[in-house]
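Novice: Please find input-v7.cif (mmCIF, C-alpha atoms) on the next line:
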```
data_start
#
loop_
_atom_site.label_atom_id
_atom_site.label_comp_id
_atom_site.auth_asym_id
_atom_site.auth_seq_id
_atom_site.Cartn_x
_atom_site.Cartn_y
_atom_site.Cartn_z
CA MET A 1 -42.09 21.01 28.16
CA LEU A 2 -41.52 17.26 28.03
CA ILE A 3 -42.18 17.09 24.29
CA PHE A 4 -39.79 19.99 23.71
CA SER A 5 -36.95 18.31 25.53
CA ILE A 6 -37.40 15.12 23.51
CA THR A 7 -37.40 16.82 20.12
CA LEU A 8 -34.17 18.67 20.85
CA PRO A 9 -31.84 15.65 20.72
CA LEU A 10 -33.82 14.26 17.78
CA SER A 11 -33.15 17.31 15.66
CA ALA A 12 -29.51 17.30 16.71
CA CYS A 13 -29.37 13.74 15.39
CA SER A 14 -30.69 14.55 11.91
CA GLU A 15 -28.37 17.59 11.75
CA ASN A 16 -25.29 15.46 12.26
CA THR A 17 -26.11 12.80 9.73
CA SER A 18 -27.00 15.31 7.02
CA LYS A 19 -23.79 17.33 7.10
CA GLN A 20 -21.00 16.54 4.64
CA THR A 21 -17.59 18.13 4.20
CA LYS A 22 -14.72 17.98 1.71
CA SER A 23 -11.59 20.02 1.15
CA VAL A 24 -8.51 20.12 -1.03
CA VAL A 25 -5.47 22.41 -1.14
CA TYR A 26 -4.29 24.20 -4.29
CA SER A 27 -1.47 26.67 -4.93
CA PHE A 28 -3.98 29.56 -4.64
CA GLY A 29 -5.44 28.31 -1.34
CA GLU A 30 -7.86 25.78 0.05
CA VAL A 31 -11.21 24.85 -1.48
CA ALA A 32 -13.49 23.54 1.28
CA ILE A 33 -17.21 22.79 1.38
CA THR A 34 -19.77 21.96 4.06
CA ALA A 35 -23.13 20.86 2.65
CA TYR A 36 -26.39 20.17 4.48
CA GLU A 37 -29.11 17.64 3.67
CA MET A 38 -27.73 16.29 0.41
CA THR A 39 -27.65 12.72 -0.81
CA ASP A 40 -24.18 11.15 -0.95
CA GLU A 41 -24.45 10.77 -4.71
CA ASP A 42 -25.37 14.42 -5.36
CA PHE A 43 -22.66 15.58 -2.99
CA ASP A 44 -19.95 13.48 -4.64
CA ASN A 45 -20.98 14.57 -8.16
CA MET A 46 -21.12 18.22 -7.11
CA TRP A 47 -17.70 18.02 -5.45
CA SER A 48 -16.10 16.48 -8.54
CA GLU A 49 -17.48 19.35 -10.67
CA ILE A 50 -16.01 21.85 -8.20
CA VAL A 51 -12.61 20.13 -8.30
CA ASP A 52 -12.74 20.19 -12.13
CA ILE A 53 -13.20 23.97 -12.04
CA ALA A 54 -10.24 24.39 -9.66
CA ASN A 55 -8.06 22.16 -11.85
CA LEU A 56 -9.03 24.17 -14.93
CA PHE A 57 -8.07 27.34 -13.05
CA GLU A 58 -4.57 25.99 -12.35
CA ALA A 59 -4.18 25.00 -16.00
CA THR A 60 -5.48 28.32 -17.37
CA VAL A 61 -4.36 31.27 -15.25
CA SER A 62 -1.91 30.12 -12.59
CA LEU A 63 1.39 32.00 -12.92
CA SER A 64 3.13 29.54 -10.62
CA GLN A 65 2.53 26.85 -13.28
CA GLU A 66 4.92 27.54 -16.16
CA GLU A 67 2.78 25.47 -18.50
CA SER A 68 -0.48 27.32 -17.76
CA GLU A 69 -2.17 29.01 -20.69
CA LEU A 70 -1.56 32.48 -19.24
CA SER A 71 2.13 31.81 -18.50
CA ARG A 72 2.62 30.82 -22.14
CA ALA A 73 0.55 33.75 -23.46
CA ASN A 74 2.61 36.16 -21.34
CA SER A 75 5.82 35.19 -23.13
CA GLU A 76 4.39 36.02 -26.58
CA SER A 77 3.23 39.21 -28.26
CA GLU A 78 0.24 37.60 -29.98
CA THR A 79 -1.40 34.33 -28.97
CA GLU A 80 -4.74 32.65 -29.55
CA ILE A 81 -6.45 32.32 -26.18
CA SER A 82 -9.37 30.32 -24.83
CA ASN A 83 -12.77 31.87 -24.14
CA GLN A 84 -12.17 31.49 -20.41
CA LEU A 85 -8.95 33.49 -20.55
CA GLU A 86 -10.44 36.09 -22.89
CA THR A 87 -13.39 36.66 -20.54
CA GLN A 88 -11.07 37.20 -17.59
CA ILE A 89 -8.66 39.53 -19.39
CA LEU A 90 -11.55 41.63 -20.72
CA ALA A 91 -13.05 41.71 -17.21
CA GLY A 92 -9.67 42.91 -15.93
CA ILE A 93 -9.63 45.79 -18.43
CA GLU A 94 -13.24 46.68 -17.55
CA TYR A 95 -12.51 46.69 -13.81
CA TYR A 96 -9.55 49.00 -14.41
CA ASN A 97 -11.94 51.61 -15.78
CA LYS A 98 -14.67 50.89 -13.21
CA THR A 99 -12.26 51.35 -10.28
CA TYR A 100 -10.63 54.56 -11.60
CA GLY A 101 -7.42 52.64 -12.32
CA SER A 102 -6.96 51.30 -8.80
CA PHE A 103 -7.31 47.71 -9.99
CA ASN A 104 -4.70 46.81 -12.60
CA ILE A 105 -3.85 43.36 -14.02
CA LEU A 106 -0.38 44.51 -15.17
CA LEU A 107 1.24 44.98 -11.77
CA ALA A 108 3.25 41.72 -11.70
CA PRO A 109 6.68 43.38 -12.29
CA ILE A 110 5.97 45.89 -9.49
CA VAL A 111 4.70 43.17 -7.17
CA ALA A 112 7.88 41.22 -7.92
CA GLU A 113 10.09 44.23 -7.03
CA TRP A 114 8.37 44.40 -3.64
CA GLY A 115 8.80 40.62 -3.22
CA PHE A 116 5.09 39.80 -3.01
CA LEU A 117 4.85 37.39 -5.94
CA PRO A 118 2.93 34.36 -4.62
CA GLY A 119 5.24 31.46 -3.82
CA GLU A 120 8.39 33.60 -3.82
CA ASP A 121 7.76 35.73 -0.73
CA ASN A 122 10.96 37.79 -1.00
CA TYR A 123 9.17 40.54 0.95
CA LEU A 124 10.33 38.83 4.13
CA ALA A 125 13.78 40.31 3.50
CA GLY A 126 12.12 43.69 4.18
CA GLU A 127 13.83 45.52 1.31
CA ILE A 128 12.21 48.63 -0.14
CA PRO A 129 12.81 49.10 -3.88
CA SER A 130 14.09 52.52 -4.95
CA ALA A 131 11.68 55.03 -6.50
CA GLU A 132 13.83 55.02 -9.61
CA THR A 133 13.57 51.25 -10.07
CA LEU A 134 9.81 51.45 -9.73
CA GLU A 135 9.42 54.41 -12.09
CA ASN A 136 11.47 52.61 -14.74
CA LEU A 137 8.88 49.82 -14.66
CA ARG A 138 5.83 52.09 -14.78
CA TYR A 139 5.39 51.78 -18.57
CA LEU A 140 4.71 48.02 -18.09
CA THR A 141 1.48 48.87 -16.23
CA ASP A 142 -0.09 50.76 -19.18
CA ILE A 143 -3.38 48.91 -19.68
CA SER A 144 -4.03 50.59 -23.07
CA GLN A 145 -1.24 48.43 -24.52
CA ILE A 146 -3.18 45.17 -24.23
CA SER A 147 -6.20 44.06 -26.20
CA VAL A 148 -8.03 40.96 -27.36
CA GLU A 149 -8.68 40.83 -31.11
CA ASN A 150 -10.45 37.94 -32.86
CA GLY A 151 -9.73 35.56 -30.00
CA ALA A 152 -6.05 36.53 -29.81
CA LEU A 153 -4.30 38.37 -27.01
CA VAL A 154 -2.22 41.26 -28.37
CA LYS A 155 0.34 42.99 -26.17
CA PRO A 156 4.00 44.02 -26.10
CA GLU A 157 6.03 40.89 -25.48
CA ASN A 158 7.54 42.04 -22.16
CA TYR A 159 4.16 42.85 -20.55
CA THR A 160 2.99 40.35 -17.92
CA ILE A 161 -0.71 39.87 -17.22
CA ASP A 162 -1.51 38.69 -13.69
CA LEU A 163 -5.12 37.61 -13.19
CA GLY A 164 -4.64 36.74 -9.50
CA GLY A 165 -7.12 39.42 -8.46
CA ILE A 166 -9.79 38.29 -10.96
CA SER A 167 -9.52 34.55 -11.37
CA LYS A 168 -10.27 33.38 -7.88
CA GLY A 169 -13.53 35.33 -8.01
CA TYR A 170 -14.24 34.11 -11.55
CA MET A 171 -13.67 30.53 -10.39
CA ALA A 172 -15.82 30.99 -7.25
CA ASP A 173 -18.65 32.33 -9.44
CA LYS A 174 -18.40 29.24 -11.68
CA MET A 175 -18.52 27.05 -8.57
CA LEU A 176 -21.56 28.98 -7.32
CA GLU A 177 -23.32 28.10 -10.59
CA VAL A 178 -22.66 24.43 -9.79
CA LEU A 179 -24.01 24.83 -6.26
CA ASN A 180 -27.14 26.48 -7.66
CA ALA A 181 -27.59 23.71 -10.24
CA TYR A 182 -27.65 21.19 -7.38
CA ASN A 183 -29.94 23.51 -5.40
CA CYS A 184 -27.55 22.93 -2.56
CA ASP A 185 -27.53 24.32 0.97
CA CYS A 186 -23.85 24.73 1.57
CA ILE A 187 -20.97 27.01 2.44
CA LEU A 188 -17.90 26.97 0.21
CA THR A 189 -14.57 28.70 0.78
CA VAL A 190 -12.25 29.29 -2.17
CA GLY A 191 -8.92 30.58 -0.91
CA GLY A 192 -10.49 33.19 1.37
CA ILE A 193 -13.65 33.84 -0.67
CA VAL A 194 -16.73 32.68 1.29
CA VAL A 195 -19.66 31.52 -0.87
CA ALA A 196 -22.95 30.81 0.92
CA SER A 197 -25.53 28.98 -1.16
CA GLY A 198 -28.99 28.64 0.37
CA ASP A 199 -28.98 28.46 4.15
CA LYS A 200 -27.96 26.18 7.01
CA LEU A 201 -31.07 24.17 7.92
CA GLY A 202 -33.25 27.27 7.70
CA GLU A 203 -30.77 29.60 9.39
CA SER A 204 -28.12 31.96 8.09
CA TYR A 205 -24.45 31.02 8.02
CA GLN A 206 -22.30 32.76 10.62
CA VAL A 207 -19.12 34.11 9.08
CA ALA A 208 -16.44 35.64 11.29
CA ILE A 209 -14.47 38.65 10.06
CA THR A 210 -10.80 38.55 11.02
CA ASN A 211 -9.73 41.32 13.37
CA PRO A 212 -6.96 43.25 11.56
CA PHE A 213 -5.52 44.24 14.94
CA GLY A 214 -5.24 40.61 16.07
CA GLY A 215 -7.06 38.74 18.79
CA SER A 216 -10.66 37.62 18.55
CA TYR A 217 -12.92 38.25 15.55
CA PHE A 218 -13.85 41.78 14.58
CA ASP A 219 -17.46 40.92 13.76
CA ILE A 220 -19.71 37.99 12.95
CA VAL A 221 -21.92 38.39 9.88
CA ALA A 222 -25.03 36.33 9.14
CA ILE A 223 -25.22 35.57 5.40
CA SER A 224 -27.23 33.33 3.06
CA ASP A 225 -27.13 33.19 -0.75
CA GLU A 226 -24.26 35.68 -0.87
CA VAL A 227 -20.53 35.92 -1.35
CA LEU A 228 -18.23 37.53 1.23
CA VAL A 229 -14.68 38.61 0.49
CA THR A 230 -12.27 40.29 2.90
CA SER A 231 -9.07 42.05 1.95
CA GLY A 232 -6.66 43.35 4.57
CA ASN A 233 -3.18 44.80 5.02
CA TYR A 234 -2.45 42.16 7.70
CA GLU A 235 -2.40 39.21 5.29
CA ARG A 236 1.09 39.41 3.75
CA TYR A 237 3.21 42.35 4.82
CA PHE A 238 6.50 43.45 6.25
CA GLU A 239 7.43 46.24 8.62
CA ALA A 240 10.29 48.69 8.08
CA ASP A 241 10.96 51.86 10.10
CA GLY A 242 7.58 51.54 11.81
CA GLU A 243 5.68 51.52 8.49
CA ILE A 244 3.61 48.57 7.31
CA TYR A 245 4.18 47.49 3.70
CA CYS A 246 1.39 45.14 2.60
CA HIS A 247 0.90 43.05 -0.53
CA ILE A 248 -1.75 45.36 -2.03
CA ILE A 249 0.02 47.65 -4.52
CA ASN A 250 -1.39 51.06 -5.43
CA PRO A 251 -0.89 51.37 -9.24
CA GLU A 252 -0.54 55.15 -8.94
CA THR A 253 2.31 55.17 -6.39
CA LEU A 254 3.63 51.71 -7.44
CA SER A 255 3.96 51.05 -3.69
CA PRO A 256 1.94 49.20 -1.04
CA THR A 257 -1.28 51.03 -0.25
CA GLN A 258 -0.92 53.56 2.58
CA SER A 259 -4.68 54.10 2.96
CA GLU A 260 -6.26 54.64 6.40
CA VAL A 261 -8.43 51.60 5.48
CA VAL A 262 -6.76 48.49 6.92
CA ALA A 263 -9.42 45.90 6.02
CA VAL A 264 -12.44 45.73 3.71
CA SER A 265 -15.20 43.11 3.62
CA VAL A 266 -17.57 43.15 0.64
CA LEU A 267 -20.88 41.27 0.34
CA SER A 268 -22.11 40.62 -3.19
CA GLN A 269 -23.90 38.21 -5.51
CA SER A 270 -20.69 38.02 -7.55
CA ALA A 271 -17.38 36.78 -6.12
CA MET A 272 -15.42 38.52 -8.88
CA ASP A 273 -17.07 41.88 -8.09
CA ALA A 274 -16.55 41.37 -4.36
CA ASP A 275 -12.86 40.46 -4.74
CA VAL A 276 -12.02 43.34 -7.08
CA PHE A 277 -13.99 45.95 -5.15
CA ALA A 278 -12.43 44.85 -1.84
CA THR A 279 -8.98 45.45 -3.35
CA ALA A 280 -9.96 48.81 -4.89
CA LEU A 281 -11.45 50.00 -1.57
CA MET A 282 -8.10 49.22 0.12
CA ILE A 283 -6.36 51.58 -2.33
CA LEU A 284 -8.65 54.52 -3.20
CA GLU A 285 -8.77 57.71 -1.16
CA LYS A 286 -11.94 58.75 0.62
CA THR A 287 -13.73 60.71 -2.14
CA GLU A 288 -13.19 58.11 -4.88
CA ARG A 289 -13.81 55.29 -2.41
CA GLU A 290 -17.25 56.59 -1.55
CA GLN A 291 -17.95 57.34 -5.21
CA LEU A 292 -17.08 53.71 -6.12
CA ILE A 293 -19.38 52.45 -3.35
CA SER A 294 -22.35 54.56 -4.44
CA GLU A 295 -21.87 54.02 -8.21
CA ASN A 296 -21.81 50.23 -7.77
CA ASN A 297 -24.20 49.89 -4.78
CA ILE A 298 -21.47 48.09 -2.84
CA SER A 299 -22.30 46.53 0.55
CA ALA A 300 -19.12 46.76 2.57
CA LEU A 301 -17.54 46.97 6.00
CA LEU A 302 -14.49 49.23 6.17
CA ILE A 303 -12.13 49.03 9.14
CA TYR A 304 -9.83 52.01 9.68
CA ALA A 305 -6.35 52.22 11.18
CA ASP A 306 -7.68 54.06 14.25
CA GLY A 307 -9.87 51.04 15.09
CA THR A 308 -13.16 52.60 13.99
CA SER A 309 -15.31 51.04 11.28
CA GLU A 310 -18.04 52.01 8.87
CA TYR A 311 -20.84 50.00 7.22
CA PHE A 312 -22.05 50.75 3.69
CA GLY A 313 -25.07 49.56 1.68
CA ASP A 314 -26.77 46.41 2.90
CA PHE A 315 -23.82 45.09 4.89
CA PRO A 316 -25.47 43.77 8.10
CA GLN A 317 -24.51 45.70 11.24
CA MET B 1 -40.66 13.32 56.21
CA GLN B 2 -43.20 10.51 55.89
CA SER B 3 -46.04 12.94 56.07
CA LYS B 4 -44.60 15.09 53.28
CA ILE B 5 -44.45 12.13 50.90
CA GLN B 6 -47.96 11.23 51.92
CA LYS B 7 -49.02 14.77 51.14
CA LEU B 8 -47.40 14.65 47.70
CA LYS B 9 -49.08 11.32 46.96
CA ASN B 10 -52.39 12.83 47.86
CA GLU B 11 -51.94 15.79 45.55
CA LYS B 12 -53.58 14.88 42.23
CA PHE B 13 -51.01 16.43 39.87
CA PHE B 14 -48.13 14.23 40.97
CA LYS B 15 -48.90 10.52 41.08
CA ILE B 16 -46.53 7.53 41.14
CA SER B 17 -47.39 6.89 37.48
CA ASP B 18 -46.13 10.40 36.60
CA VAL B 19 -42.84 9.61 38.25
CA ILE B 20 -42.53 6.46 36.13
CA ILE B 21 -43.31 8.38 32.92
CA ILE B 22 -40.73 11.03 33.76
CA ALA B 23 -38.16 8.33 34.53
CA VAL B 24 -38.84 6.61 31.20
CA VAL B 25 -38.59 9.92 29.31
CA VAL B 26 -35.32 10.86 31.03
CA PHE B 27 -33.94 7.43 30.19
CA ALA B 28 -35.04 7.81 26.56
CA ILE B 29 -33.33 11.22 26.34
CA LEU B 30 -30.11 9.79 27.73
CA ILE B 31 -30.18 7.00 25.14
CA LEU B 32 -30.80 9.53 22.34
CA LEU B 33 -28.00 11.77 23.55
CA TYR B 34 -25.67 8.80 23.55
CA PHE B 35 -26.45 8.06 19.90
CA THR B 36 -26.04 11.69 18.81
CA ASN B 37 -22.28 11.68 19.42
CA PHE B 38 -22.77 13.38 22.74
CA ALA B 39 -20.37 10.87 24.23
CA SER B 40 -17.55 11.88 21.87
CA VAL B 41 -17.84 15.64 22.40
CA GLU B 42 -15.29 15.33 25.16
CA ASN B 43 -12.68 13.83 22.84
CA PRO B 44 -11.80 16.10 19.91
CA GLN B 45 -9.29 14.77 17.37
CA TYR B 46 -6.80 16.48 15.13
CA ASN B 47 -6.32 15.29 11.55
CA ILE B 48 -3.23 16.41 9.68
CA TYR B 49 -3.19 16.24 5.89
CA VAL B 50 -0.06 16.54 3.74
CA GLU B 51 -0.59 17.14 0.00
CA ASN B 52 -4.29 16.28 0.53
CA GLU B 53 -3.50 12.85 2.04
CA LEU B 54 -4.23 12.02 5.69
CA TYR B 55 -0.85 11.99 7.43
CA GLN B 56 -1.61 11.63 11.12
CA THR B 57 -4.54 11.75 13.50
CA GLY B 58 -4.68 11.83 17.29
CA SER B 59 -6.48 13.05 20.36
CA LEU B 60 -6.15 16.67 21.45
CA SER B 61 -6.12 15.47 25.06
CA GLU B 62 -2.70 13.82 24.67
CA ASP B 63 0.26 16.18 24.40
CA ALA B 64 2.41 15.42 21.38
CA GLU B 65 5.00 16.76 18.98
CA ILE B 66 4.42 15.93 15.33
CA ILE B 67 7.34 16.43 12.96
CA ILE B 68 6.50 16.39 9.26
CA THR B 69 9.17 16.36 6.58
CA THR B 70 8.06 16.92 3.00
CA GLU B 71 10.05 17.62 -0.14
CA ASN B 72 9.10 21.30 0.31
CA GLY B 73 10.28 21.61 3.92
CA THR B 74 9.66 20.68 7.53
CA ALA B 75 6.79 21.51 9.87
CA ILE B 76 6.41 20.81 13.59
CA PHE B 77 3.00 20.77 15.31
CA HIS B 78 2.65 20.82 19.09
CA VAL B 79 -0.40 19.42 20.89
CA GLU B 80 -0.65 21.07 24.31
CA ASN B 81 -3.45 21.73 26.81
CA GLY B 82 -6.17 20.41 24.52
CA ALA B 83 -5.15 22.53 21.53
CA ILE B 84 -2.80 22.23 18.55
CA HIS B 85 -0.56 24.85 16.93
CA MET B 86 2.21 25.08 14.36
CA HIS B 87 5.34 25.44 16.45
CA GLU B 88 7.91 25.69 13.67
CA ALA B 89 7.83 25.53 9.88
CA THR B 90 10.38 26.14 7.16
CA CYS B 91 7.80 27.74 4.84
CA PRO B 92 8.87 31.22 3.69
CA ASP B 93 5.93 33.23 5.07
CA GLY B 94 5.28 31.61 8.48
CA LEU B 95 1.54 32.38 8.15
CA CYS B 96 0.72 28.96 9.58
CA ILE B 97 2.51 29.85 12.84
CA GLU B 98 0.63 33.16 13.00
CA GLN B 99 -2.67 31.27 12.82
CA GLY B 100 -2.08 30.28 16.46
CA GLU B 101 -3.68 27.40 18.32
CA ILE B 102 -6.99 25.77 17.44
CA SER B 103 -9.23 23.42 19.40
CA SER B 104 -12.83 23.66 18.16
CA THR B 105 -14.39 21.55 15.41
CA SER B 106 -14.16 22.98 11.89
CA SER B 107 -11.26 25.30 12.72
CA LYS B 108 -8.13 24.78 10.64
CA ILE B 109 -4.45 25.61 10.34
CA ILE B 110 -3.34 25.83 6.72
CA CYS B 111 0.24 26.02 5.47
CA LEU B 112 -0.02 26.63 1.72
CA PRO B 113 3.69 26.49 0.80
CA LEU B 114 4.08 23.06 2.46
CA LYS B 115 0.53 21.97 1.49
CA ILE B 116 -0.25 20.96 5.08
CA VAL B 117 -3.72 21.26 6.63
CA CYS B 118 -4.68 20.49 10.23
CA GLU B 119 -8.37 20.24 11.09
CA ILE B 120 -10.29 19.38 14.27
CA THR B 121 -13.13 16.86 14.33
CA GLY B 122 -15.33 15.32 17.01
CA GLY B 123 -15.18 18.28 19.37
CA ALA B 124 -17.75 20.89 20.30
CA GLU B 125 -19.26 22.43 17.15
CA SER B 126 -17.96 25.91 16.43
CA GLU B 127 -20.79 28.41 16.05
CA ILE B 128 -18.87 29.92 13.15
CA ASP B 129 -19.30 28.42 9.68
CA ALA B 130 -16.42 30.22 7.98
CA VAL B 131 -13.81 32.90 8.55
CA SER B 132 -13.30 35.77 6.11
#
```
Would you write the structure of this file as structure tokens?
Specialist:
Amino acid sequence: MLIFSITLPLSACSENTSKQTKSVVYSFGEVAITAYEMTDEDFDNMWSEIVDIANLFEATVSLSQEESELSRANSESETEISNQLETQILAGIEYYNKTYGSFNILLAPIVAEWGFLPGEDNYLAGEIPSAETLENLRYLTDISQISVENGALVKPENYTIDLGGISKGYMADKMLEVLNAYNCDCILTVGGIVVASGDKLGESYQVAITNPFGGSYFDIVAISDEVLVTSGNYERYFEADGEIYCHIINPETLSPTQSEVVAVSVLSQSAMDADVFATALMILEKTEREQLISENNISALLIYADGTSEYFGDFPQ
Amino acid sequence: MQSKIQKLKNEKFFKISDVIIIAVVVFAILILLYFTNFASVENPQYNIYVENELYQTGSLSEDAEIIITTENGTAIFHVENGAIHMHEATCPDGLCIEQGEISSTSSKIICLPLKIVCEITGGAESEIDAVS
């Protein structure tokens, strides 16, 4: 008993000295890391590689930066694009097919009509666009009109590609490769995406899931060596006539999703998969939702409007 | 009373030397606890960053109003009852106000439009490593 009580404060001591944190804010959100038992030198080198990836993201795909590669490509009908951008656009087209069309990288004009373009936030005015306005824009969401040929993006000039739903996951996956290269025990958050690499001094990381109905957390999930992404209708929304209009647009109705699913958390080895599937599961109706889950072996927690919830795959209960 | 102490002394499992060892061990534990930041647990701090630069830091135990003016707008933090919250902000979405008050280490308030982050350090460790 005596020996036990002495070792307790000793271990607490080594825990404190071996924990390092860093964070920085970007237009897409905060990148923050907590690493355990790393040398200062490794930690600093690793962090600078992570910051490089985030900077590259801003320069490549950010639509809020007029000079980004994607912003410039969007204003042309044919442009040479980098490998990075090509990979992400092709992934976007692939996910469209994989998610039965519920994930679409051409929704920017619709999102703008609803006021949900990041940084503009016109949705706070609470105005609902007319069905006619939306229908007149539908042709701009036709994914068959865009392609990548010999390293060049080909599309009608007035089509706008928005990789917001892909790029954060793509970036988080690149950062995860860095964490793995340093064989690091750390937890990284990339604008809402939680990346757990290794474990926390031999134990799992405890990640809280936001309660979509407010108040305390909905659940606490123990994860290690996994990525967790949550999507919810409570993040950016407005209320009109008792209805909630959230930022997640259903490409079929061209309106905010009205699904009975109010929040989805997905656990995966890939941040890009997790982010896209979380969005798709917020949009699809029950039959297709469960088909998507079983076809892709998705581990997910779904929270419904009536307060009930359901666990799928290996999502820990 | 005397006889009880005498009785204890006579019992073989509890000698004066044991008492000394226990006293030394307790003392050693107290010293260790002191050096493991135990002393500072009672005094959590808030650190406010603007555009990734440290703007202001202070103790959560002292009530305060912190007014921050940036080129993107104005934000007002209130420190009350050992916690801090965003009281007012001119950002378009007001998500930072919705995040409510925070008081435990590692919890954060983030206002993306104004690029303001408030974090807590030096307090009791939160058992949660991240929020999704």
Novice: Name the residues within 12 Å of (-4.0, 21.5, 10.4), counting only C-alpha atoms in the file's coordinates, and put them as a ChimeraX atom specification.
Specialist: /A:25,30 /B:45-52,54-58,66,68,75-79,83-87,96-97,99-112,114-121
Novice: Could you list the residues chosen by the PyMOL selection byres ((chain B) within 8 of (chain A)) in this structure as a ChimeraX atom specification?
Specialist: /B:25,29,32-33,35-36,51-52,92-93,112-113,115,127-132
Novice: With only C-alpha atoms as the counted atoms, please give the residues lying no more than 7 Å from range 279-284 of chain A, apart from itself and same-chain residues fewer than 2 positions off, as a ChimeraX atom specification.
Specialist: /A:99,102-103,231,250,257,259,261-264,275-277,286,288-289
Novice: Write the selection just made, keeping C-alpha atoms, as a JSON list (two decimals), keeping the file's coordinate frame?
Specialist:
```
[["chain", "number", "residue", "atom", "x", "y", "z"],
["A", 99, "THR", "CA", -12.26, 51.35, -10.28],
["A", 102, "SER", "CA", -6.96, 51.30, -8.80],
["A", 103, "PHE", "CA", -7.31, 47.71, -9.99],
["A", 231, "SER", "CA", -9.07, 42.05, 1.95],
["A", 250, "ASN", "CA", -1.39, 51.06, -5.43],
["A", 257, "THR", "CA", -1.28, 51.03, -0.25],
["A", 259, "SER", "CA", -4.68, 54.10, 2.96],
["A", 261, "VAL", "CA", -8.43, 51.60, 5.48],
["A", 262, "VAL", "CA", -6.76, 48.49, 6.92],
["A", 263, "ALA", "CA", -9.42, 45.90, 6.02],
["A", 264, "VAL", "CA", -12.44, 45.73, 3.71],
["A", 275, "ASP", "CA", -12.86, 40.46, -4.74],
["A", 276, "VAL", "CA", -12.02, 43.34, -7.08],
["A", 277, "PHE", "CA", -13.99, 45.95, -5.15],
["A", 286, "LYS", "CA", -11.94, 58.75, 0.62],
["A", 288, "GLU", "CA", -13.19, 58.11, -4.88],
["A", 289, "ARG", "CA", -13.81, 55.29, -2.41]]
```
Novice: What does the distance between CA of Leu254 in chain A and CA of Leu134 in chain A come to in Å, to one decimal place?
Specialist: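 CA of Leu134 in chain A lies at a distance of 6.6 Å from CA of Leu254 in chain A.
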Novice: Could you check how far CA of Tyr96 in chain A sits from CA of Asp273 in chain A, in Å to one decimal?
Specialist: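 Separation between CA of Tyr96 in chain A and CA of Asp273 in chain A: 12.1 Å.
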Novice: Apply the PyMOL selection byres ((chain A and resi 68-78) around 9) to the file shown and report the selected residues as a ChimeraX atom specification.
Specialist: /A:57-67,79-82,85,152-163
Novice: Take the residues that were just selected and, keeping C-alpha atoms, output them as a PDB file, in the frame of the given file.
Specialist:
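Final file, result20.pdb:
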```
ATOM      1  CA  PHE A  57      -8.070  27.340 -13.050  1.00  0.00           C
ATOM      2  CA  GLU A  58      -4.570  25.990 -12.350  1.00  0.00           C
ATOM      3  CA  ALA A  59      -4.180  25.000 -16.000  1.00  0.00           C
ATOM      4  CA  THR A  60      -5.480  28.320 -17.370  1.00  0.00           C
ATOM      5  CA  VAL A  61      -4.360  31.270 -15.250  1.00  0.00           C
ATOM      6  CA  SER A  62      -1.910  30.120 -12.590  1.00  0.00           C
ATOM      7  CA  LEU A  63       1.390  32.000 -12.920  1.00  0.00           C
ATOM      8  CA  SER A  64       3.130  29.540 -10.620  1.00  0.00           C
ATOM      9  CA  GLN A  65       2.530  26.850 -13.280  1.00  0.00           C
ATOM     10  CA  GLU A  66       4.920  27.540 -16.160  1.00  0.00           C
ATOM     11  CA  GLU A  67       2.780  25.470 -18.500  1.00  0.00           C
ATOM     12  CA  THR A  79      -1.400  34.330 -28.970  1.00  0.00           C
ATOM     13  CA  GLU A  80      -4.740  32.650 -29.550  1.00  0.00           C
ATOM     14  CA  ILE A  81      -6.450  32.320 -26.180  1.00  0.00           C
ATOM     15  CA  SER A  82      -9.370  30.320 -24.830  1.00  0.00           C
ATOM     16  CA  LEU A  85      -8.950  33.490 -20.550  1.00  0.00           C
ATOM     17  CA  ALA A 152      -6.050  36.530 -29.810  1.00  0.00           C
ATOM     18  CA  LEU A 153      -4.300  38.370 -27.010  1.00  0.00           C
ATOM     19  CA  VAL A 154      -2.220  41.260 -28.370  1.00  0.00           C
ATOM     20  CA  LYS A 155       0.340  42.990 -26.170  1.00  0.00           C
ATOM     21  CA  PRO A 156       4.000  44.020 -26.100  1.00  0.00           C
ATOM     22  CA  GLU A 157       6.030  40.890 -25.480  1.00  0.00           C
ATOM     23  CA  ASN A 158       7.540  42.040 -22.160  1.00  0.00           C
ATOM     24  CA  TYR A 159       4.160  42.850 -20.550  1.00  0.00           C
ATOM     25  CA  THR A 160       2.990  40.350 -17.920  1.00  0.00           C
ATOM     26  CA  ILE A 161      -0.710  39.870 -17.220  1.00  0.00           C
ATOM     27  CA  ASP A 162      -1.510  38.690 -13.690  1.00  0.00           C
ATOM     28  CA  LEU A 163      -5.120  37.610 -13.190  1.00  0.00           C
TER      29      LEU A 163
END
```
Novice: Using 3 Å of padding on each side, determine the axis-aligned box around all atoms of range 43-60 of chain B present in the file and give its centre and edge lengths in Å to one decimal, as lines of an AutoDock Vina configuration file.
Specialist:
```
center_x = -6.4
center_y = 14.4
center_z = 11.4
size_x = 18.6
size_y = 11.5
size_z = 28.8
```
Novice: Using the chain letters and numbers from this file, what does the PyMOL selection byres ((chain A and resi 177) around 12) select? Give the answer as a list in words.
Specialist: Met46, Glu49, Ile50, Ile53, Tyr170, Met171, Ala172, Asp173, Lys174, Met175, Leu176, Val178, Leu179, Asn180, Ala181, Tyr182, Asn183, Cys184, Val195, Ala196, Ser197, Asp225, Gln269, Ser270 and Ala271 of chain A
Novice: Pick the closest to Pro251 in chain A from A:Ile143, A:Val148, A:Leu201, A:Ile223: which is it, counting all atoms listed in the file?
Specialist: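 Between A:Ile143, A:Val148, A:Leu201, A:Ile223, the residue approaching Pro251 in chain A most closely is A:Ile143.
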